[in-house]
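Below you'll find the structure, written out as structure tokens, and then a few comments.
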Amino acid sequence: MRSEPSAVVAARVPKKPRTEAVKRQQKRRHRFGELGVPEVLVEQLAAEGIESPFPIQQATIPDALAGRDVLGRGQTGSGKTLAYGLPTVMRISEGDKSRSAHPAAVILAPTRELAMQVHDVLRPLAQAMGRSVVLVAGGMSYTPQLRALERGVDIVVATPGRLIDLMERGSAQLDEVRVVVLDEADEMSDLGFMPEVTRILDEIPSQAQHLLFSATLDNQVDELVRRYLHDPVEHGVDSAQASVTTMRHELIAVTARERPGVIAQTVNRPGRTIVFVRTQMDADDAASRLRGVGILAGALHGGLPQGLRARVLHAFREGKISVLVATDVAARGIDVDDVSLVLQADPPHDAKDYLHRAGRTARAGEDGLVISLVLPRQRRRMARITRDAGVDSRPRPMHEGEQLAELTGGTKPEGAAITEEQYRGIVSPPRPPRRRGGGGRRHYQGGGKGRHQGRGHYDRDRARKPKD
Ligand code: AMP
């Protein structure tokens, strides 16, 4: 089981008087059963080692179960999937089971990776209550999604682009939705999905319960809240500041010549590391340079075929590769535990990106280290970004060697180069058995229909062409 996040939960609306008894009760560790979660789900959670609700769950579940609209501020890692997932499953399981073929709940997530994770968390819980879930996301075959919708499904976990697609085909009908969840609403707005999101929300009956989760409340998200949520209760893990304080932040001043050596030594360490770079090409270059010095590193960016991206992520999650070199957009929604170091090889665009990147470590209250490399010409910009992000750290010079080893546990790489072939062997699926009459290898698993295949339709392109 994981440790509980240390973040403080602040319930802002409505304000209840905090008597001593209430305060004492709030300090006590709760159990899910006390929040109204039925035994069958409590057991299901306990089997996963999940016994005491995290603060955001403790705060939001009772209100969501009472049918209130909820505005939850919390980043990936705070436990928000169960915070909205449990009430969603429970609310749609109320009443008799005879149901219409149209879905009763819709959960929207910005990326396919996040949608897949949400789907994987909710499916066993829904099944325990006799309800069904389908994943509706781009870059995947249409057939199972269409079949599930045709048969009738209770919960749809979707990325906006594909859901609109299926709505336009008449396959997804949202007229009976009773609960709608927006997960990472701020990221959906960053990725240019807002028009799709409002289009979907406009199709859903306005009296449906709306649960909106977001790390930040910027203008666009605020607009959604005003337009669609009725008298929402707001609960927040004060994510930005809280996670910033459970992490250690270090800025390292490097010259362009030192930079590659410092990157290699920093990531040559036990534990999982995510390295952030600016462009897809930088990600490929840095990952292959690291493999060249014997470090198991993989690039993750939108220029890669969908199937390969999923396999790289899987290999990282399984610990088969220890370093992921990613672009900002590709890294969104990555939900991998135990990332102990985030290395910003290139500076983030702004404070918001700094926090998103940093949020890949120190998840669920664990410790994490965030290192940012700063070239002389980047000093001023970095100073502004860290100030805006609430990080109090100044660049200090650090060269390969002792100091760096002390900070990260990293040592100068001395292993043999990992060849392309070896790397492909690690991230490729095993060859299927040869079938008569062909039986070729199938590397690319994404795609489905023609227009979804191909490269480079995800990253920034995706922001402009949100239809996955
Ligand atoms: P999330 O923010 O929903 O992505 O959750 C982050 C991580 O915390 C996931 O690995 C969850 O399995 C885990 N988690 C969520 N809630 C709890 C809990 N109450 N107790 C222990 N682990 C949890």
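If you're wondering about the labels, chains in the structure tokens are A, B, ... by order shown, residues count from 1 in each chain, ligands from 1 in order shown.
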
- Backbone DSSP call of alpha helix (DSSP H) for region 212-386 of chain A, listed as a ChimeraX atom specification: /A:219-228,239-245,259-267,280-292,306-317,328-331,351-358,379-386

- Item | Spatial neighbours of Arg311 (chain A), max dist 9 Å, only C-alpha atoms, sep filter under 5 positions, as a count of residues only | 5

- Message: as an MDAnalysis selection string, please: every residue in region 92-336 of chain A that DSSP puts in strand (DSSP E).
- Response: chainID A and resid 105:108 133:136 155:158 179:182 209:214 233:237 247:253 272:276 297:300 323:326

- Message: For a quick check of understanding, using only C-alpha atoms and all ligand atoms, which of A:Tyr228, A:Phe193, A:Phe54, A:Tyr84 has the smallest distance to ligand 1?
- Response: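 Answer, going by the shortest atom-to-atom distance: A:Phe54.
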
- Message: For a quick check of understanding, using only C-alpha atoms and all ligand atoms, which of A:Ala109, A:Met247, A:Val233, A:Val336 has the smallest distance to ligand 1?
- Response: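 The shortest atom-to-atom distance to ligand 1 comes from A:Val336.
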
- Task: Go through A:Leu224, A:Ile334, A:Val197, A:Ile155 one by one, measure the shortest atom-to-atom distance of each to ligand 1 using only C-alpha atoms and all ligand atoms, and give the residue with the smallest value.
- Result: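 Closest to ligand 1 of all the choices is A:Ile334.
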
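When the distance limit is 7 Å and only C-alpha atoms are what count, the residues near Phe32 (chain A), minus those fewer than 2 positions from it on the same chain, are His30, Glu34, Leu35, Gly36, Val37, Val42, Glu51, Ser52 and Pro53 of chain A.
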
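What separates CA of Ala46 (chain A) from CA of Val339 (chain A) is a distance of 24.1 Å.
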
Contact residues around Glu48 (chain A) with only C-alpha atoms at 12 Å, ignoring same-chain residues under 3 positions, as a PDB file with C-alpha atoms, in the first residue's frame:
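Saved file result30.pdb follows:
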```
ATOM      1  CA  MET A   1       0.000   0.000   0.000  1.00  0.00           C
ATOM      2  CA  ARG A   2       1.162   3.484  -0.636  1.00  0.00           C
ATOM      3  CA  LEU A  41     -16.104  -2.491  -3.406  1.00  0.00           C
ATOM      4  CA  VAL A  42     -14.220  -2.157  -0.115  1.00  0.00           C
ATOM      5  CA  GLU A  43     -13.068  -5.760  -0.545  1.00  0.00           C
ATOM      6  CA  GLN A  44     -12.123  -5.174  -4.137  1.00  0.00           C
ATOM      7  CA  LEU A  45      -9.992  -2.181  -3.104  1.00  0.00           C
ATOM      8  CA  GLU A  51      -7.691   0.609   2.496  1.00  0.00           C
ATOM      9  CA  SER A  52      -7.740   4.183   3.731  1.00  0.00           C
ATOM     10  CA  VAL A 121      -9.040   1.059 -12.495  1.00  0.00           C
ATOM     11  CA  PRO A 124     -13.165  -4.360 -11.863  1.00  0.00           C
ATOM     12  CA  LEU A 125     -15.111  -2.013  -9.584  1.00  0.00           C
TER      13      LEU A 125
END
```

- Item | CA of Gln403 (chain A) to CA of Glu258 (chain A), straight-line distance in Å | 14.3 Å

- Interatomic distance (Å, one decimal) between CA of Pro160 (chain A) and CA of Thr279 (chain A): 25.1 Å

- Could you check which of A:Arg199, A:Arg317, A:Arg91, A:Arg394 is closest to ligand 1, using only C-alpha atoms and all ligand atoms? A:Arg317

- Task: Write out as a ChimeraX atom specification each polymer residue whose atoms come within 10 Å of Arg278 (chain A), counting only C-alpha atoms; drop sequence neighbours fewer than 5 positions from it.
- Result: /A:283,326-329,344-349

- Item | Nearest to ligand 1 by atom-to-atom distance, counting only C-alpha atoms and all ligand atoms, from A:Asp282, A:Asp392, A:Glu250, A:Asp183 | A:Asp183
